[in-house]
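Here is the file structure05.pdb (PDB, C-alpha atoms).
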```pdb
ATOM      1  CA  MET A   1      58.225  67.073   9.349  1.00  0.00           C
ATOM      2  CA  LYS A   2      57.764  66.830  13.125  1.00  0.00           C
ATOM      3  CA  ARG A   3      56.778  63.441  14.525  1.00  0.00           C
ATOM      4  CA  ASN A   4      54.962  62.977  17.783  1.00  0.00           C
ATOM      5  CA  ALA A   5      56.961  61.199  20.443  1.00  0.00           C
ATOM      6  CA  PRO A   6      55.440  57.845  21.452  1.00  0.00           C
ATOM      7  CA  THR A   7      53.791  57.802  24.830  1.00  0.00           C
ATOM      8  CA  ASN A   8      54.678  55.054  27.258  1.00  0.00           C
ATOM      9  CA  SER A   9      51.517  55.277  29.273  1.00  0.00           C
ATOM     10  CA  ALA A  10      48.903  52.570  28.976  1.00  0.00           C
ATOM     11  CA  ARG A  11      45.374  53.458  28.048  1.00  0.00           C
ATOM     12  CA  LYS A  12      43.067  53.517  31.031  1.00  0.00           C
ATOM     13  CA  ARG A  13      40.492  50.745  30.830  1.00  0.00           C
ATOM     14  CA  LEU A  14      36.824  51.281  31.452  1.00  0.00           C
ATOM     15  CA  SER A  15      35.667  50.140  34.883  1.00  0.00           C
ATOM     16  CA  ALA A  16      33.348  47.633  33.172  1.00  0.00           C
ATOM     17  CA  ASP A  17      36.361  46.065  31.404  1.00  0.00           C
ATOM     18  CA  GLN A  18      38.354  45.155  34.482  1.00  0.00           C
ATOM     19  CA  THR A  19      37.945  42.866  37.442  1.00  0.00           C
ATOM     20  CA  VAL A  20      39.900  43.217  40.675  1.00  0.00           C
ATOM     21  CA  PHE A  21      40.372  40.305  43.056  1.00  0.00           C
ATOM     22  CA  TYR A  22      41.421  41.448  46.523  1.00  0.00           C
ATOM     23  CA  VAL A  23      43.848  39.076  48.217  1.00  0.00           C
ATOM     24  CA  TYR A  24      45.538  39.645  51.576  1.00  0.00           C
ATOM     25  CA  LYS A  25      49.316  40.028  51.020  1.00  0.00           C
ATOM     26  CA  GLY A  26      48.791  39.929  47.240  1.00  0.00           C
ATOM     27  CA  VAL A  27      49.133  37.286  44.541  1.00  0.00           C
ATOM     28  CA  LYS A  28      52.494  35.869  43.462  1.00  0.00           C
ATOM     29  CA  THR A  29      51.195  33.316  40.958  1.00  0.00           C
ATOM     30  CA  PHE A  30      47.979  32.335  39.231  1.00  0.00           C
ATOM     31  CA  ALA A  31      46.569  29.830  36.755  1.00  0.00           C
ATOM     32  CA  TYR A  32      43.389  29.834  34.698  1.00  0.00           C
ATOM     33  CA  SER A  33      41.440  26.876  33.341  1.00  0.00           C
ATOM     34  CA  GLU A  34      39.066  27.545  30.491  1.00  0.00           C
ATOM     35  CA  SER A  35      37.684  23.997  30.791  1.00  0.00           C
ATOM     36  CA  TYR A  36      36.632  24.397  34.431  1.00  0.00           C
ATOM     37  CA  ASN A  37      36.215  28.182  34.240  1.00  0.00           C
ATOM     38  CA  ILE A  38      38.273  28.719  37.390  1.00  0.00           C
ATOM     39  CA  LEU A  39      41.066  31.067  38.370  1.00  0.00           C
ATOM     40  CA  VAL A  40      43.523  29.799  40.984  1.00  0.00           C
ATOM     41  CA  THR A  41      45.771  32.188  42.937  1.00  0.00           C
ATOM     42  CA  GLY A  42      48.571  31.709  45.455  1.00  0.00           C
ATOM     43  CA  GLY A  43      50.956  33.934  47.341  1.00  0.00           C
ATOM     44  CA  MET A  44      52.701  34.914  50.543  1.00  0.00           C
ATOM     45  CA  ASP A  45      49.806  33.937  52.839  1.00  0.00           C
ATOM     46  CA  ARG A  46      50.307  30.209  51.974  1.00  0.00           C
ATOM     47  CA  LEU A  47      46.716  29.769  50.743  1.00  0.00           C
ATOM     48  CA  VAL A  48      45.542  28.522  47.369  1.00  0.00           C
ATOM     49  CA  ARG A  49      42.356  30.321  46.393  1.00  0.00           C
ATOM     50  CA  ILE A  50      39.958  29.106  43.710  1.00  0.00           C
ATOM     51  CA  TRP A  51      37.825  31.815  42.112  1.00  0.00           C
ATOM     52  CA  ASN A  52      34.894  31.983  39.772  1.00  0.00           C
ATOM     53  CA  PRO A  53      36.203  34.583  37.279  1.00  0.00           C
ATOM     54  CA  TYR A  54      32.822  36.321  37.248  1.00  0.00           C
ATOM     55  CA  VAL A  55      32.537  36.627  41.041  1.00  0.00           C
ATOM     56  CA  ASN A  56      35.443  38.594  42.492  1.00  0.00           C
ATOM     57  CA  THR A  57      34.024  39.258  45.952  1.00  0.00           C
ATOM     58  CA  LYS A  58      35.241  36.011  47.546  1.00  0.00           C
ATOM     59  CA  PRO A  59      36.900  32.770  46.462  1.00  0.00           C
ATOM     60  CA  THR A  60      34.825  29.638  45.979  1.00  0.00           C
ATOM     61  CA  ALA A  61      37.416  27.558  47.887  1.00  0.00           C
ATOM     62  CA  LEU A  62      40.418  28.111  50.187  1.00  0.00           C
ATOM     63  CA  LEU A  63      43.014  25.338  50.184  1.00  0.00           C
ATOM     64  CA  ARG A  64      45.273  25.175  53.227  1.00  0.00           C
ATOM     65  CA  GLY A  65      48.303  23.018  53.840  1.00  0.00           C
ATOM     66  CA  HIS A  66      51.455  24.793  52.666  1.00  0.00           C
ATOM     67  CA  ASN A  67      53.975  25.999  55.241  1.00  0.00           C
ATOM     68  CA  GLY A  68      55.635  28.503  52.913  1.00  0.00           C
ATOM     69  CA  PRO A  69      54.610  31.030  50.261  1.00  0.00           C
ATOM     70  CA  ILE A  70      53.216  29.566  47.045  1.00  0.00           C
ATOM     71  CA  PHE A  71      55.288  30.413  43.985  1.00  0.00           C
ATOM     72  CA  HIS A  72      53.793  28.237  41.217  1.00  0.00           C
ATOM     73  CA  LEU A  73      50.372  26.849  40.291  1.00  0.00           C
ATOM     74  CA  PHE A  74      49.366  24.554  37.453  1.00  0.00           C
ATOM     75  CA  ILE A  75      45.947  23.256  36.416  1.00  0.00           C
ATOM     76  CA  CYS A  76      46.008  19.975  34.488  1.00  0.00           C
ATOM     77  CA  ASP A  77      42.654  19.759  32.732  1.00  0.00           C
ATOM     78  CA  ARG A  78      43.232  16.226  31.464  1.00  0.00           C
ATOM     79  CA  GLU A  79      43.885  14.817  34.960  1.00  0.00           C
ATOM     80  CA  GLN A  80      41.428  17.179  36.682  1.00  0.00           C
ATOM     81  CA  ARG A  81      44.146  18.252  39.126  1.00  0.00           C
ATOM     82  CA  ILE A  82      45.537  21.491  40.543  1.00  0.00           C
ATOM     83  CA  TYR A  83      49.223  21.437  41.475  1.00  0.00           C
ATOM     84  CA  SER A  84      50.630  23.977  43.935  1.00  0.00           C
ATOM     85  CA  ILE A  85      54.333  24.418  44.698  1.00  0.00           C
ATOM     86  CA  SER A  86      55.615  26.391  47.661  1.00  0.00           C
ATOM     87  CA  THR A  87      58.921  27.526  49.126  1.00  0.00           C
ATOM     88  CA  ASP A  88      58.604  24.864  51.850  1.00  0.00           C
ATOM     89  CA  LYS A  89      59.709  22.451  49.080  1.00  0.00           C
ATOM     90  CA  THR A  90      56.354  20.704  48.780  1.00  0.00           C
ATOM     91  CA  ILE A  91      54.061  20.023  45.855  1.00  0.00           C
ATOM     92  CA  LYS A  92      50.426  19.506  46.743  1.00  0.00           C
ATOM     93  CA  VAL A  93      47.898  17.926  44.418  1.00  0.00           C
ATOM     94  CA  TRP A  94      44.236  18.927  44.610  1.00  0.00           C
ATOM     95  CA  ASP A  95      41.176  17.634  42.770  1.00  0.00           C
ATOM     96  CA  ALA A  96      39.906  20.390  40.432  1.00  0.00           C
ATOM     97  CA  GLN A  97      36.288  19.218  40.696  1.00  0.00           C
ATOM     98  CA  ASP A  98      36.298  18.882  44.508  1.00  0.00           C
ATOM     99  CA  PRO A  99      39.435  20.732  45.681  1.00  0.00           C
ATOM    100  CA  GLU A 100      39.237  19.753  49.329  1.00  0.00           C
ATOM    101  CA  THR A 101      39.246  16.026  48.506  1.00  0.00           C
ATOM    102  CA  TYR A 102      43.017  15.635  48.818  1.00  0.00           C
ATOM    103  CA  GLU A 103      43.642  18.041  51.677  1.00  0.00           C
ATOM    104  CA  GLY A 104      45.382  16.096  54.400  1.00  0.00           C
ATOM    105  CA  ASN A 105      45.542  12.895  52.344  1.00  0.00           C
ATOM    106  CA  PRO A 106      49.204  11.807  52.701  1.00  0.00           C
ATOM    107  CA  GLU A 107      49.202   9.595  49.574  1.00  0.00           C
ATOM    108  CA  MET A 108      48.437  12.607  47.375  1.00  0.00           C
ATOM    109  CA  MET A 109      50.725  15.144  49.085  1.00  0.00           C
ATOM    110  CA  TYR A 110      54.233  15.092  47.650  1.00  0.00           C
TER     111      TYR A 110
END
```

Output the structure of this file as structure tokens.
Amino acid sequence: MKRNAPTNSARKRLSADQTVFYVYKGVKTFAYSESYNILVTGGMDRLVRIWNPYVNTKPTALLRGHNGPIFHLFICDREQRIYSISTDKTIKVWDAQDPETYEGNPEMMY
């Protein structure tokens, strides 16, 4: 009995089943919060972007302050915080409800 060889190609998704977020220089890391219904991305351009998952045309917020590419993001729902870590050896803490609250606030920038 001849068996069909398995195919290694992924099934193409319908255009209605996929969402593409265009980010200059690409995304290196992301985090999603079901509680706040936000998607957070970071990458080589040193910006943290906050997205509404249903609106992929532009981010709802741009967080500036890192001097190196962002390589890790974490959303802590309990503390209502977004943590971003970059190659400039800094961890920045942002308020998930009002992300620009802690920008430039030295007590909250580690």

Nearest-residue call for Thr90 (chain A), choices A:Trp51, A:Phe71, A:Tyr24, A:Tyr32, using all atoms listed in the file: A:Phe71

Can you pull out the residues contacting region 77-88 of chain A? Cut-off 9 Å, using all atoms listed in the file, and skip same-chain residues under 4 positions away; I want them as an mmCIF file with C-alpha atoms, keeping the file's coordinate frame.
```cif
data_model
loop_
_atom_site.group_PDB
_atom_site.id
_atom_site.type_symbol
_atom_site.label_atom_id
_atom_site.label_comp_id
_atom_site.auth_asym_id
_atom_site.auth_seq_id
_atom_site.Cartn_x
_atom_site.Cartn_y
_atom_site.Cartn_z
ATOM 1 C CA SER A 33 41.440 26.876 33.341
ATOM 2 C CA GLU A 34 39.066 27.545 30.491
ATOM 3 C CA SER A 35 37.684 23.997 30.791
ATOM 4 C CA TYR A 36 36.632 24.397 34.431
ATOM 5 C CA VAL A 40 43.523 29.799 40.984
ATOM 6 C CA GLY A 42 48.571 31.709 45.455
ATOM 7 C CA GLY A 43 50.956 33.934 47.341
ATOM 8 C CA ARG A 46 50.307 30.209 51.974
ATOM 9 C CA VAL A 48 45.542 28.522 47.369
ATOM 10 C CA HIS A 66 51.455 24.793 52.666
ATOM 11 C CA ASN A 67 53.975 25.999 55.241
ATOM 12 C CA GLY A 68 55.635 28.503 52.913
ATOM 13 C CA PRO A 69 54.610 31.030 50.261
ATOM 14 C CA ILE A 70 53.216 29.566 47.045
ATOM 15 C CA PHE A 71 55.288 30.413 43.985
ATOM 16 C CA HIS A 72 53.793 28.237 41.217
ATOM 17 C CA LEU A 73 50.372 26.849 40.291
ATOM 18 C CA LYS A 92 50.426 19.506 46.743
ATOM 19 C CA VAL A 93 47.898 17.926 44.418
ATOM 20 C CA TRP A 94 44.236 18.927 44.610
ATOM 21 C CA ASP A 95 41.176 17.634 42.770
ATOM 22 C CA ALA A 96 39.906 20.390 40.432
ATOM 23 C CA GLN A 97 36.288 19.218 40.696
ATOM 24 C CA PRO A 99 39.435 20.732 45.681
#
```

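Proximity ranking of A:Val20, A:Leu39, A:Ile91, A:Val27 relative to Ile75 (chain A) places A:Leu39 first, based on all atoms listed in the file.
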
Please, what distance in Å, to one decimal, runs between CA of Gly65 (chain A) and CA of Pro53 (chain A)? 23.5 Å

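Take CA of Ile50 (chain A) and CA of Ile38 (chain A): the distance between them is 6.6 Å.
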
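Closest approach to Pro59 (chain A) among A:Asn37, A:Phe21, A:Cys76, A:Ser9: A:Phe21, based on only C-alpha atoms.
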
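Picture a line from CA of Thr19 (chain A) to CA of Asn52 (chain A); it runs 11.5 Å.
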
Output as JSON the centre and edge lengths (Å, one decimal) of the box along x, y and z of the file that holds every listed atom of region 84-89 of chain A after adding 4 Å on each side.
```
{"center_x": 55.2, "center_y": 25.0, "center_z": 47.9, "size_x": 17.1, "size_y": 13.1, "size_z": 15.9}
```

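Distance annotation: of A:Thr57, A:Thr29, A:Tyr22, A:Arg11, the residue with the minimal separation from Phe74 (chain A) is A:Thr29; atom set is only C-alpha atoms.
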